[in-house]
Every structure is written in C-alpha cells, then in structure tokens.
Amino acid sequence: MRRTGDLLMMHKFGVDELMTKLRIWREEFDYAHEHDPIEHITSRIKRPEAIAAKLARRGLPVSPESARANLTDIAGVRVVCPFISDVYLLRDVIRQHEIEIVQTKDYIAEPKPNGYRSLHLIIKMPVHLSNRTELVAVELQLRTIAMDFWAAVEHELLYKSGGEVPEHFAAELKSAAETAAGLDAQMASLHQRSEGTSG
C-alpha cells in the first residue's frame with residue numbers, strides 16, 4: 001500500500017512541476033507578448049484501480065514497479081489553447097527548456113479515424129526531491145478550444161452508450177470534427193489578420 005502511495009505522490013509532484021512551469025509561461029506571455037497561449041489547464045492522476053486494470057489488460061504484473069516501468073499516462077495534464085499555433089508554440093517552449101519529450105503523437109496533423117484531434121506528448125519531468133532528482137513520465141495533451149469541445153461531447157456520447165459510439169452517430173461525429181477543424185482554421189486566419197493590422 002505504501003509503495004502505491006509513493007508512486008502516486010511522485011506522479012503528483014511531476015504534475016505540480018509542469019503546472020508551475022505552464023502558469024509562469026502563461027503570465028509571461030500575457031505580460032510580454034500581450035497574448036496568452038493557454039485558455040485553461042486541467043490535470044489528473046490515475047486512480048489505483050484504473051492503473052491495476054490497465055496493467056491487467058496488458059497482461060503485465062500488477063505492482064507499483066510495473067506501473068512505473070510500463071505506463072506513461074499515470075499523470076496527465078491537458079492544456080487548451082485559443083489557436084493551433086499556440087499548441088505548437090507550447091511544444092517548442094518545452095523543447096527549449098530541455099524537458100525530454102520521449103513520445104509525440106500528432107493527431108492534429110493526422111487525426112484519428114473518428115475525427116479526434118490533439119497533440120499528445122509524453123515528457124519526463126524532473127522532480128527535485130530533498131535527496132535526489134527523479135524523472136517522472138507525464139502525458140501532456142495540447143488542443144484548441146474547438147478540439148476540446150468536440151472531445152468532451154464525444155466522451156459524453158461514449159459514456160452514455162457504454163463505451164462505443166453508435167454507428168449512426170459516427171459519421172456525424174466525424175463531420176462535426178471537420179467543422180471544428182474548419183472553425184480553427186478560420187479563427188487562426190482572423191488572428192493572423194488582426195496581428196497584421198495591430199502593428
């Protein structure tokens with residue numbers, strides 16, 4: 001039980017470290033550049049039962065050591081941005097700060113078949129303890145407001161239908177994802193034009 005607590009605490013510290021950096025960058029951008037690339041931030045730590053279930057599904061030992069070695073989504077942070085350009089800006093800021101990105105899944109460039117769009121990064125956050133520094137895996141999801149709206153509604157439909165979107169909804173959901181992508185493109189164009197006229 002203590003080892004599970006240690007695992008969850010370490011991942012909480014990883015989230016805390018990342019959230020602190022994001023809040024600092026948010027304030028700096030708002031002050032220095034008059035544009036805040038972060039609309040809002042949420043975070044979560046997987047529940048012990050969800051960790052155990054995922055390990056069991058994969059046929060892996062159910063233990064804190066196994067979870068640490070095999071799961072990269074125990075800690076999660078989601079950042080919602082006004083524009084697609086902000087998504088990639090934040091990715092680049094993370095790179096500049098020498099935070100290791102161990103995996104990138106760009107579902108904006110290549111959406112999932114159902115229409116889902118988001119940029120997923122697995123990063124290793126350094127957690128500075130009193131006697132050592134540990135690298136903790138954190139799953140960072142970066143998406144626009146339109147992408148987040150679509151994903152939230154899709155999640156609600158999945159939940160209500162027992163984990164699988166009804167076939168007659170699937171085509172409409174994908175169409176809605178395309179509409180959301182079109183809105184992102186239109187808003188990005190407006191943003192660029194407004195910057196051109198504000199100079």
# chains A, B, ... in the order shown; residues from 1 in each chain; ligands from 1
call {"tool": "residues_around", "arguments": {"residues": "Phe83 of chain A", "least_positions_apart": "4", "cutoff": "10 Å", "atoms": "only C-alpha atoms", "output": "JSON, numbers by chain"}}
result
{"A": [37, 38, 39, 87, 88, 89, 143, 144, 145, 146, 184, 185, 187, 188, 189, 191]}
call {"tool": "write_last_selection", "arguments": {"atoms": "N, CA, C and O atoms", "output": "mmCIF file, in the first residue's frame"}}
result
data_model
loop_
_atom_site.group_PDB
_atom_site.id
_atom_site.type_symbol
_atom_site.label_atom_id
_atom_site.label_comp_id
_atom_site.auth_asym_id
_atom_site.auth_seq_id
_atom_site.Cartn_x
_atom_site.Cartn_y
_atom_site.Cartn_z
ATOM 1 N N PRO A 37 -1.192 32.059 -24.625
ATOM 2 C CA PRO A 37 -1.420 30.873 -25.446
ATOM 3 C C PRO A 37 -2.178 29.763 -24.722
ATOM 4 O O PRO A 37 -2.432 28.713 -25.310
ATOM 5 N N ILE A 38 -2.538 30.012 -23.465
ATOM 6 C CA ILE A 38 -3.228 28.981 -22.667
ATOM 7 C C ILE A 38 -4.604 29.493 -22.262
ATOM 8 O O ILE A 38 -4.724 30.510 -21.573
ATOM 9 N N GLU A 39 -5.642 28.795 -22.692
ATOM 10 C CA GLU A 39 -7.000 29.138 -22.297
ATOM 11 C C GLU A 39 -7.290 28.587 -20.902
ATOM 12 O O GLU A 39 -7.733 29.300 -20.019
ATOM 13 N N VAL A 87 -0.641 25.680 -29.743
ATOM 14 C CA VAL A 87 -0.327 24.287 -29.410
ATOM 15 C C VAL A 87 1.141 23.993 -29.712
ATOM 16 O O VAL A 87 1.887 23.485 -28.869
ATOM 17 N N TYR A 88 1.561 24.366 -30.918
ATOM 18 C CA TYR A 88 2.943 24.082 -31.330
ATOM 19 C C TYR A 88 3.935 25.035 -30.675
ATOM 20 O O TYR A 88 5.093 24.661 -30.435
ATOM 21 N N LEU A 89 3.492 26.245 -30.336
ATOM 22 C CA LEU A 89 4.335 27.171 -29.590
ATOM 23 C C LEU A 89 4.713 26.573 -28.235
ATOM 24 O O LEU A 89 5.887 26.590 -27.834
ATOM 25 N N ARG A 143 -4.452 21.000 -27.054
ATOM 26 C CA ARG A 143 -5.522 21.069 -28.066
ATOM 27 C C ARG A 143 -6.159 22.453 -28.045
ATOM 28 O O ARG A 143 -5.977 23.217 -27.095
ATOM 29 N N THR A 144 -6.898 22.757 -29.091
ATOM 30 C CA THR A 144 -7.615 24.031 -29.145
ATOM 31 C C THR A 144 -8.965 23.914 -28.434
ATOM 32 O O THR A 144 -9.413 22.809 -28.085
ATOM 33 N N ILE A 145 -9.620 25.067 -28.281
ATOM 34 C CA ILE A 145 -10.942 25.092 -27.648
ATOM 35 C C ILE A 145 -11.924 24.254 -28.464
ATOM 36 O O ILE A 145 -12.723 23.495 -27.900
ATOM 37 N N ALA A 146 -11.859 24.373 -29.793
ATOM 38 C CA ALA A 146 -12.768 23.616 -30.663
ATOM 39 C C ALA A 146 -12.517 22.117 -30.539
ATOM 40 O O ALA A 146 -13.461 21.321 -30.461
ATOM 41 N N ASP A 184 -11.323 26.235 -36.443
ATOM 42 C CA ASP A 184 -9.955 26.534 -36.006
ATOM 43 C C ASP A 184 -9.191 27.290 -37.090
ATOM 44 O O ASP A 184 -8.495 28.271 -36.812
ATOM 45 N N ALA A 185 -9.314 26.833 -38.324
ATOM 46 C CA ALA A 185 -8.605 27.465 -39.439
ATOM 47 C C ALA A 185 -9.103 28.896 -39.652
ATOM 48 O O ALA A 185 -8.307 29.823 -39.888
ATOM 49 N N MET A 187 -10.547 30.897 -37.397
ATOM 50 C CA MET A 187 -10.135 31.735 -36.274
ATOM 51 C C MET A 187 -8.645 32.061 -36.357
ATOM 52 O O MET A 187 -8.220 33.166 -36.012
ATOM 53 N N ALA A 188 -7.840 31.083 -36.830
ATOM 54 C CA ALA A 188 -6.407 31.325 -37.000
ATOM 55 C C ALA A 188 -6.174 32.422 -38.030
ATOM 56 O O ALA A 188 -5.316 33.297 -37.854
ATOM 57 N N SER A 189 -6.952 32.396 -39.120
ATOM 58 C CA SER A 189 -6.833 33.415 -40.157
ATOM 59 C C SER A 189 -7.198 34.791 -39.611
ATOM 60 O O SER A 189 -6.494 35.790 -39.857
ATOM 61 N N HIS A 191 -7.008 35.714 -36.517
ATOM 62 C CA HIS A 191 -5.948 36.075 -35.564
ATOM 63 C C HIS A 191 -4.740 36.667 -36.284
ATOM 64 O O HIS A 191 -4.205 37.704 -35.880
#
call {"tool": "select_by_dssp", "arguments": {"residues": "segment 22-184 of chain A", "states": "strand (DSSP E)", "output": "MDAnalysis selection string"}}
result
chainID A and resid 40:45 75:81 100:106 119:128 133:144
call {"tool": "closest_residue", "arguments": {"among": "A:Ala170, A:Ile45, A:Ala53, A:Val127", "to": "Ile99 of chain A", "atoms": "only C-alpha atoms"}}
result
A:Val127
call {"tool": "residues_around", "arguments": {"residues": "Met125 of chain A", "least_positions_apart": "6", "cutoff": "6 Å", "atoms": "only C-alpha atoms", "output": "list in words"}}
result
Gly14, Leu135 and Val136 of chain A
call {"tool": "select_by_dssp", "arguments": {"residues": "chain A", "states": "helix (DSSP H, G or I)", "output": "NGL selection string"}}
result
:A and (2-32 or 48-57 or 64-70 or 84-96 or 145-160 or 167-198)
call {"tool": "atom_distance", "arguments": {"atom1": "atom CA of Leu158 of chain A", "atom2": "atom CA of Ala171 of chain A"}}
result
14.3 Å
call {"tool": "atom_distance", "arguments": {"atom1": "atom CA of His33 of chain A", "atom2": "atom CA of Val80 of chain A"}}
result
18.4 Å
call {"tool": "residues_around", "arguments": {"residues": "Ile123 of chain A", "least_positions_apart": "5", "cutoff": "6 Å", "atoms": "only C-alpha atoms", "output": "list in words"}}
result
Glu100, Ile101, Val102, Ala137 and Val138 of chain A
call {"tool": "write_last_selection", "arguments": {"atoms": "N, CA and C atoms", "output": "short mmCIF file (atom, residue, chain, number, x, y, z; two decimals), in the first residue's frame"}}
result
data_model
loop_
_atom_site.label_atom_id
_atom_site.label_comp_id
_atom_site.auth_asym_id
_atom_site.auth_seq_id
_atom_site.Cartn_x
_atom_site.Cartn_y
_atom_site.Cartn_z
N GLU A 100 12.69 16.56 -21.65
CA GLU A 100 12.75 15.47 -22.64
C GLU A 100 11.35 15.06 -23.10
N ILE A 101 11.14 15.10 -24.41
CA ILE A 101 9.91 14.57 -24.99
C ILE A 101 10.23 13.18 -25.52
N VAL A 102 9.65 12.16 -24.88
CA VAL A 102 10.01 10.78 -25.24
C VAL A 102 9.08 10.20 -26.31
N ALA A 137 7.29 10.40 -15.81
CA ALA A 137 6.55 10.49 -17.07
C ALA A 137 5.22 11.21 -16.84
N VAL A 138 4.95 12.21 -17.69
CA VAL A 138 3.67 12.92 -17.66
C VAL A 138 3.14 12.97 -19.08
#
